[in-house]
Amino acid sequence: MQRLYQARDRIEAQFLLDHLARQGFSATLLGDYLAGAAGELPVDIYPTLWLVEDADLPHAREVLARFLAEAQAEVGPPWDCPRCGETVEGAFELCWNCGSGRP
Ligand SMILES: [Zn+2]
């Protein structure tokens, strides 16, 4: 098994795992049962994608990098709220802090 990617949370991890499966890779998710304890434990408890076949690693990395780049391009970059100055993730249309719309 080869460590492929450490996800930010269980949702991202599952999303990427599904994508890899659709591309024919055999991958598994480890550590997601500990995500609820984040903040109290070292950072390596975040859900991590592992590749079952070592030989798939270079190709799987390529597929994952392309997929992440496309996902990022789709939601757009983070934006700064014109009212309160908070940085908001590109996926959101409203500022989480003050409720202002994206400029
Ligand atoms: Zn704001």
# chains A, B, ... in the order shown; residues from 1 in each chain; ligands from 1
$ select_by_dssp --residues "chain A" --states "alpha helix (DSSP H)" --output "PyMOL selection string"
chain A and resi 10-22+57-75
$ closest_atom_pairs --of "chain A" --to "ligand 1" --cutoff "9 Å" --atoms "only C-alpha atoms and all ligand atoms" --output "CSV"
residue,atom,partner,partner_atom_place_in_ligand_line,distance
A:Asp80,CA,ligand 1,1 (Zn),7.9
A:Cys81,CA,ligand 1,1 (Zn),4.6
A:Pro82,CA,ligand 1,1 (Zn),6.7
A:Arg83,CA,ligand 1,1 (Zn),5.1
A:Cys84,CA,ligand 1,1 (Zn),4.1
A:Gly85,CA,ligand 1,1 (Zn),5.9
A:Glu86,CA,ligand 1,1 (Zn),5.5
A:Thr87,CA,ligand 1,1 (Zn),8.1
A:Val88,CA,ligand 1,1 (Zn),8.2
A:Leu94,CA,ligand 1,1 (Zn),7.9
A:Cys95,CA,ligand 1,1 (Zn),4.6
A:Trp96,CA,ligand 1,1 (Zn),6.6
A:Asn97,CA,ligand 1,1 (Zn),5.0
A:Cys98,CA,ligand 1,1 (Zn),4.1
A:Gly99,CA,ligand 1,1 (Zn),5.9
A:Ser100,CA,ligand 1,1 (Zn),5.4
A:Gly101,CA,ligand 1,1 (Zn),8.1
$ residues_around --residues "Gln14 of chain A" --least-positions-apart "3" --cutoff "10 Å" --atoms "only C-alpha atoms" --output "number ranges by chain"
A: 7, 9-11, 17-20, 28-29, 32, 47-49
$ write_last_selection --atoms "all heavy atoms" --output "mmCIF file, in the first residue's frame"
data_model
loop_
_atom_site.group_PDB
_atom_site.id
_atom_site.type_symbol
_atom_site.label_atom_id
_atom_site.label_comp_id
_atom_site.auth_asym_id
_atom_site.auth_seq_id
_atom_site.Cartn_x
_atom_site.Cartn_y
_atom_site.Cartn_z
ATOM 1 N N ALA A 7 -6.587 14.044 3.114
ATOM 2 C CA ALA A 7 -7.719 14.915 2.840
ATOM 3 C C ALA A 7 -7.963 15.881 3.998
ATOM 4 O O ALA A 7 -7.510 15.653 5.116
ATOM 5 C CB ALA A 7 -8.965 14.069 2.595
ATOM 6 N N ASP A 9 -10.979 16.626 5.134
ATOM 7 C CA ASP A 9 -12.058 16.077 5.953
ATOM 8 C C ASP A 9 -12.607 14.828 5.274
ATOM 9 O O ASP A 9 -12.201 14.471 4.174
ATOM 10 C CB ASP A 9 -13.182 17.100 6.167
ATOM 11 C CG ASP A 9 -13.673 17.686 4.852
ATOM 12 O OD1 ASP A 9 -13.842 16.925 3.874
ATOM 13 O OD2 ASP A 9 -13.890 18.903 4.788
ATOM 14 N N ARG A 10 -13.546 14.200 5.942
ATOM 15 C CA ARG A 10 -14.094 12.946 5.458
ATOM 16 C C ARG A 10 -14.851 13.116 4.141
ATOM 17 O O ARG A 10 -14.852 12.226 3.287
ATOM 18 C CB ARG A 10 -15.047 12.415 6.532
ATOM 19 C CG ARG A 10 -15.455 11.026 6.256
ATOM 20 C CD ARG A 10 -16.400 10.494 7.276
ATOM 21 N NE ARG A 10 -16.708 9.120 6.882
ATOM 22 C CZ ARG A 10 -17.117 8.208 7.713
ATOM 23 N NH1 ARG A 10 -17.284 8.505 8.965
ATOM 24 N NH2 ARG A 10 -17.380 6.998 7.290
ATOM 25 N N ILE A 11 -15.491 14.253 3.965
ATOM 26 C CA ILE A 11 -16.267 14.493 2.739
ATOM 27 C C ILE A 11 -15.340 14.540 1.527
ATOM 28 O O ILE A 11 -15.586 13.894 0.513
ATOM 29 C CB ILE A 11 -17.085 15.798 2.865
ATOM 30 C CG1 ILE A 11 -18.141 15.630 3.964
ATOM 31 C CG2 ILE A 11 -17.748 16.158 1.546
ATOM 32 C CD1 ILE A 11 -18.761 16.912 4.442
ATOM 33 N N LEU A 17 -11.988 9.324 -3.145
ATOM 34 C CA LEU A 17 -11.985 7.864 -3.189
ATOM 35 C C LEU A 17 -12.925 7.359 -4.286
ATOM 36 O O LEU A 17 -12.583 6.465 -5.062
ATOM 37 C CB LEU A 17 -12.400 7.309 -1.824
ATOM 38 C CG LEU A 17 -12.292 5.802 -1.625
ATOM 39 C CD1 LEU A 17 -10.839 5.358 -1.659
ATOM 40 C CD2 LEU A 17 -12.935 5.373 -0.325
ATOM 41 N N ASP A 18 -14.105 7.974 -4.360
ATOM 42 C CA ASP A 18 -15.078 7.601 -5.390
ATOM 43 C C ASP A 18 -14.517 7.864 -6.781
ATOM 44 O O ASP A 18 -14.695 7.072 -7.707
ATOM 45 C CB ASP A 18 -16.386 8.383 -5.213
ATOM 46 C CG ASP A 18 -17.143 7.946 -3.970
ATOM 47 O OD1 ASP A 18 -16.798 6.892 -3.391
ATOM 48 O OD2 ASP A 18 -18.069 8.667 -3.568
ATOM 49 N N HIS A 19 -13.838 9.008 -6.922
ATOM 50 C CA HIS A 19 -13.263 9.337 -8.225
ATOM 51 C C HIS A 19 -12.209 8.309 -8.619
ATOM 52 O O HIS A 19 -12.181 7.848 -9.759
ATOM 53 C CB HIS A 19 -12.649 10.743 -8.197
ATOM 54 C CG HIS A 19 -12.022 11.134 -9.505
ATOM 55 N ND1 HIS A 19 -12.768 11.367 -10.639
ATOM 56 C CD2 HIS A 19 -10.731 11.289 -9.864
ATOM 57 C CE1 HIS A 19 -11.949 11.665 -11.635
ATOM 58 N NE2 HIS A 19 -10.701 11.629 -11.199
ATOM 59 N N LEU A 20 -11.338 7.958 -7.691
ATOM 60 C CA LEU A 20 -10.288 6.966 -7.979
ATOM 61 C C LEU A 20 -10.895 5.620 -8.360
ATOM 62 O O LEU A 20 -10.430 4.943 -9.268
ATOM 63 C CB LEU A 20 -9.364 6.809 -6.775
ATOM 64 C CG LEU A 20 -8.408 7.982 -6.535
ATOM 65 C CD1 LEU A 20 -7.764 7.867 -5.166
ATOM 66 C CD2 LEU A 20 -7.351 8.065 -7.618
ATOM 67 N N THR A 28 -8.120 2.848 -0.583
ATOM 68 C CA THR A 28 -8.867 2.723 0.654
ATOM 69 C C THR A 28 -8.640 3.958 1.515
ATOM 70 O O THR A 28 -7.683 4.706 1.312
ATOM 71 C CB THR A 28 -8.491 1.428 1.392
ATOM 72 O OG1 THR A 28 -9.390 1.239 2.479
ATOM 73 C CG2 THR A 28 -7.070 1.479 1.920
ATOM 74 N N LEU A 29 -9.519 4.156 2.473
ATOM 75 C CA LEU A 29 -9.494 5.339 3.315
ATOM 76 C C LEU A 29 -9.144 4.910 4.737
ATOM 77 O O LEU A 29 -9.774 4.029 5.290
ATOM 78 C CB LEU A 29 -10.903 5.935 3.282
ATOM 79 C CG LEU A 29 -11.122 7.357 3.702
ATOM 80 C CD1 LEU A 29 -10.225 8.289 2.919
ATOM 81 C CD2 LEU A 29 -12.578 7.723 3.456
ATOM 82 N N ASP A 32 -10.400 7.991 9.011
ATOM 83 C CA ASP A 32 -11.553 8.879 9.033
ATOM 84 C C ASP A 32 -12.353 8.780 10.331
ATOM 85 O O ASP A 32 -13.010 9.717 10.722
ATOM 86 C CB ASP A 32 -12.460 8.654 7.823
ATOM 87 C CG ASP A 32 -13.085 7.278 7.808
ATOM 88 O OD1 ASP A 32 -12.464 6.355 8.344
ATOM 89 O OD2 ASP A 32 -14.191 7.149 7.274
ATOM 90 N N PRO A 47 -8.339 11.998 7.508
ATOM 91 C CA PRO A 47 -8.523 10.846 6.617
ATOM 92 C C PRO A 47 -7.490 10.848 5.491
ATOM 93 O O PRO A 47 -7.237 11.878 4.879
ATOM 94 C CB PRO A 47 -9.938 11.020 6.085
ATOM 95 C CG PRO A 47 -10.334 12.408 6.401
ATOM 96 C CD PRO A 47 -9.522 12.842 7.566
ATOM 97 N N THR A 48 -6.911 9.706 5.264
ATOM 98 C CA THR A 48 -5.845 9.586 4.271
ATOM 99 C C THR A 48 -6.186 8.503 3.263
ATOM 100 O O THR A 48 -6.664 7.438 3.624
ATOM 101 C CB THR A 48 -4.524 9.225 4.983
ATOM 102 O OG1 THR A 48 -4.287 10.193 6.006
ATOM 103 C CG2 THR A 48 -3.364 9.233 4.010
ATOM 104 N N LEU A 49 -5.968 8.832 1.991
ATOM 105 C CA LEU A 49 -6.192 7.867 0.918
ATOM 106 C C LEU A 49 -4.941 7.027 0.717
ATOM 107 O O LEU A 49 -3.843 7.575 0.608
ATOM 108 C CB LEU A 49 -6.513 8.598 -0.388
ATOM 109 C CG LEU A 49 -7.874 9.265 -0.478
ATOM 110 C CD1 LEU A 49 -7.940 10.141 -1.709
ATOM 111 C CD2 LEU A 49 -8.981 8.235 -0.512
#
$ residues_around --residues "segment 58-66 of chain A" --least-positions-apart "4" --cutoff "12 Å" --atoms "only C-alpha atoms" --output "PyMOL selection string"
chain A and resi 2-7+13+15-27+49-54+70-73
$ select_by_dssp --residues "segment 28-98 of chain A" --states "strand (DSSP E or B)" --output "list in words"
Thr28, Leu29, Leu30, Ala38, Leu41, Thr48, Leu49, Trp50, Leu51, Trp79, Asp80, Thr87, Val88 and Leu94 of chain A
$ write_last_selection --atoms "N, CA and C atoms" --output "PDB file, in the first residue's frame"
ATOM      1  N   THR A  28      -8.120   2.848  -0.583  1.00  0.00           N
ATOM      2  CA  THR A  28      -8.867   2.723   0.654  1.00  0.00           C
ATOM      3  C   THR A  28      -8.640   3.958   1.515  1.00  0.00           C
ATOM      4  N   LEU A  29      -9.519   4.156   2.473  1.00  0.00           N
ATOM      5  CA  LEU A  29      -9.494   5.339   3.315  1.00  0.00           C
ATOM      6  C   LEU A  29      -9.144   4.910   4.737  1.00  0.00           C
ATOM      7  N   LEU A  30      -8.129   5.546   5.305  1.00  0.00           N
ATOM      8  CA  LEU A  30      -7.758   5.223   6.675  1.00  0.00           C
ATOM      9  C   LEU A  30      -7.796   6.481   7.538  1.00  0.00           C
ATOM     10  N   ALA A  38     -10.152  15.866  15.830  1.00  0.00           N
ATOM     11  CA  ALA A  38      -9.182  16.833  15.302  1.00  0.00           C
ATOM     12  C   ALA A  38      -9.103  18.034  16.234  1.00  0.00           C
ATOM     13  N   LEU A  41      -5.641  16.007  18.763  1.00  0.00           N
ATOM     14  CA  LEU A  41      -4.638  15.000  18.401  1.00  0.00           C
ATOM     15  C   LEU A  41      -3.722  15.552  17.312  1.00  0.00           C
ATOM     16  N   THR A  48      -6.911   9.706   5.264  1.00  0.00           N
ATOM     17  CA  THR A  48      -5.845   9.586   4.271  1.00  0.00           C
ATOM     18  C   THR A  48      -6.186   8.503   3.263  1.00  0.00           C
ATOM     19  N   LEU A  49      -5.968   8.832   1.991  1.00  0.00           N
ATOM     20  CA  LEU A  49      -6.192   7.867   0.918  1.00  0.00           C
ATOM     21  C   LEU A  49      -4.941   7.027   0.717  1.00  0.00           C
ATOM     22  N   TRP A  50      -5.120   5.743   0.673  1.00  0.00           N
ATOM     23  CA  TRP A  50      -4.022   4.803   0.432  1.00  0.00           C
ATOM     24  C   TRP A  50      -4.338   4.004  -0.814  1.00  0.00           C
ATOM     25  N   LEU A  51      -3.311   3.811  -1.612  1.00  0.00           N
ATOM     26  CA  LEU A  51      -3.433   3.052  -2.838  1.00  0.00           C
ATOM     27  C   LEU A  51      -3.022   1.610  -2.562  1.00  0.00           C
ATOM     28  N   TRP A  79     -12.245  34.287  -2.083  1.00  0.00           N
ATOM     29  CA  TRP A  79     -12.436  35.727  -2.310  1.00  0.00           C
ATOM     30  C   TRP A  79     -12.469  36.454  -0.971  1.00  0.00           C
ATOM     31  N   ASP A  80     -12.107  37.742  -1.002  1.00  0.00           N
ATOM     32  CA  ASP A  80     -12.107  38.550   0.215  1.00  0.00           C
ATOM     33  C   ASP A  80     -13.394  39.336   0.298  1.00  0.00           C
ATOM     34  N   THR A  87     -11.635  36.137   4.393  1.00  0.00           N
ATOM     35  CA  THR A  87     -11.399  35.341   3.200  1.00  0.00           C
ATOM     36  C   THR A  87     -12.409  34.191   3.203  1.00  0.00           C
ATOM     37  N   VAL A  88     -13.125  34.056   2.076  1.00  0.00           N
ATOM     38  CA  VAL A  88     -14.196  33.067   1.980  1.00  0.00           C
ATOM     39  C   VAL A  88     -13.838  32.049   0.892  1.00  0.00           C
ATOM     40  N   LEU A  94     -21.790  33.530  -0.173  1.00  0.00           N
ATOM     41  CA  LEU A  94     -21.993  34.492   0.901  1.00  0.00           C
ATOM     42  C   LEU A  94     -20.845  34.408   1.898  1.00  0.00           C
TER      43      LEU A  94
END
$ residues_around --residues "Ala91 of chain A" --least-positions-apart "4" --cutoff "8 Å" --atoms "only C-alpha atoms" --output "ChimeraX atom specification"
/A:75-76,78
